[in-house]
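Trainee: Could you have a look at this structure, given as structure tokens, before my questions?
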Amino acid sequence: MRLTKEEVRKLRNMDFTTKPGFVKAETVLSREVGAPGTPERAEFDAKARAWYYGEVLRERRKELGITQKELGERVGRDRTYINRIEKGETDLQLSSFLRIAEALGMMLQLKIES
């Protein structure tokens with residue numbers, strides 16, 4: 001079950017720090033995975049990003065009603081490659097991500113801040 005946009009907005013604006021038993025995500029991550037800057041945390045962060053990007057691509061593919069095989073054919077890869085990406089099981093190169101996103105009709109923008 002997915003949250004509505006309004007429900008997500010309310011959650012984002014809620015101050016959970018006043019709730020009993022609240023523990024910040026950073027506290028849990030540091031304890032369970034490792035503190036920021038450690039090799040363990042870097043590995044976790046990389047895997048989390050791979051999973052997230054795979055989810056974004058999978059959701060878009062499903063919105064379009066395209067199978068993994070069809071998407072693979074559009075980008076010149078096999079179904080198992082698309083499957084591994086969607087599960088976050090492969091280190092996705094930027095060029096591959098862009099090619100897949102384009103095949104799904106997605107436009108990406110790069111924002112550089114200093």
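Chain labels run A, B, ... following the order of the structure tokens; each chain numbers its residues from 1, and ligands are numbered from 1 in the order shown.
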Can you pull out the residues contacting A:Ala101? Cut-off 10 Å, using only C-alpha atoms, and skip same-chain residues under 6 positions away; I want them as a list in words.
Mentor: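 Non-adjacent residues within range: Val56, Leu57, Arg60, Arg61, Val75, Ser95, Met107 and Leu108 of chain A.
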Trainee: The selected residues should be written to file as a PDB file, in the first residue's frame (atoms: C-alpha atoms).
Mentor:
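Done, and the output landed in part02.pdb:
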```
ATOM      1  CA  VAL A  56      13.115   4.080  -9.529  1.00  0.00           C
ATOM      2  CA  LEU A  57      13.778   2.309 -12.831  1.00  0.00           C
ATOM      3  CA  ARG A  60       8.903   3.497 -14.245  1.00  0.00           C
ATOM      4  CA  ARG A  61       9.155   0.296 -16.298  1.00  0.00           C
ATOM      5  CA  VAL A  75      19.121  -1.009 -24.343  1.00  0.00           C
ATOM      6  CA  SER A  95      26.257   5.508 -18.868  1.00  0.00           C
ATOM      7  CA  MET A 107      14.893  12.929 -18.377  1.00  0.00           C
ATOM      8  CA  LEU A 108      17.668  13.472 -15.866  1.00  0.00           C
TER       9      LEU A 108
END
```
Trainee: Taking only C-alpha atoms into account, produce a table as JSON lines in which each residue of stretch 72-101 of chain A with an atom at most 10 Å from an atom of stretch 25-48 of chain A appears once, together with its shortest atom pair and the distance in Å to one decimal, ordered by chain and rising number.
Mentor:
```
{"residue": "A:Gly88", "atom": "CA", "partner": "A:Lys47", "partner_atom": "CA", "distance": 6.9}
{"residue": "A:Glu89", "atom": "CA", "partner": "A:Lys47", "partner_atom": "CA", "distance": 7.9}
{"residue": "A:Thr90", "atom": "CA", "partner": "A:Lys47", "partner_atom": "CA", "distance": 8.8}
{"residue": "A:Asp91", "atom": "CA", "partner": "A:Lys47", "partner_atom": "CA", "distance": 8.3}
```
Trainee: Please return, as a PyMOL selection string, all residues of chain A that DSSP assigns to alpha helix (DSSP H) on the basis of the backbone.
Mentor: chain A and resi 5-13+25-32+39-64+68-75+79-86+94-103
Trainee: At what distance in Å, to one decimal, does atom CA of A:Glu6 lie from atom CA of A:Pro20?
Mentor: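 That distance, rounded to one decimal, is 24.4 Å.
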Trainee: Quick one: everything within 10 Å of A:Arg74, counting only C-alpha atoms, minus sequence neighbours fewer than 2 positions away in the same chain. Send it as a ChimeraX atom specification.
Mentor: /A:68-72,76-78,99-100,102-104
Trainee: Find the distance between atom CA of A:Glu86 and atom CA of A:Glu59 and write it in Å to one decimal.
Mentor: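 It comes out at 9.2 Å.
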Trainee: Please compute the atom CA of A:Ile82-atom CA of A:Trp51 distance, one decimal, in Å.
Mentor: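 So the two atoms, atom CA of A:Ile82 and atom CA of A:Trp51, lie 12.5 Å apart.
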Trainee: For a quick check of understanding, using only C-alpha atoms, which of A:Ile85, A:Leu3, A:Met106, A:Leu11 has the smallest distance to A:Arg49?
Mentor: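 Closest to A:Arg49, using only C-alpha atoms: A:Ile85.
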Trainee: Identify which of the residues A:Thr4, A:Gly105, A:Arg84, A:Gly21 lies closest to A:Leu64, counting only C-alpha atoms when measuring atom-to-atom distances.
Mentor: A:Gly105
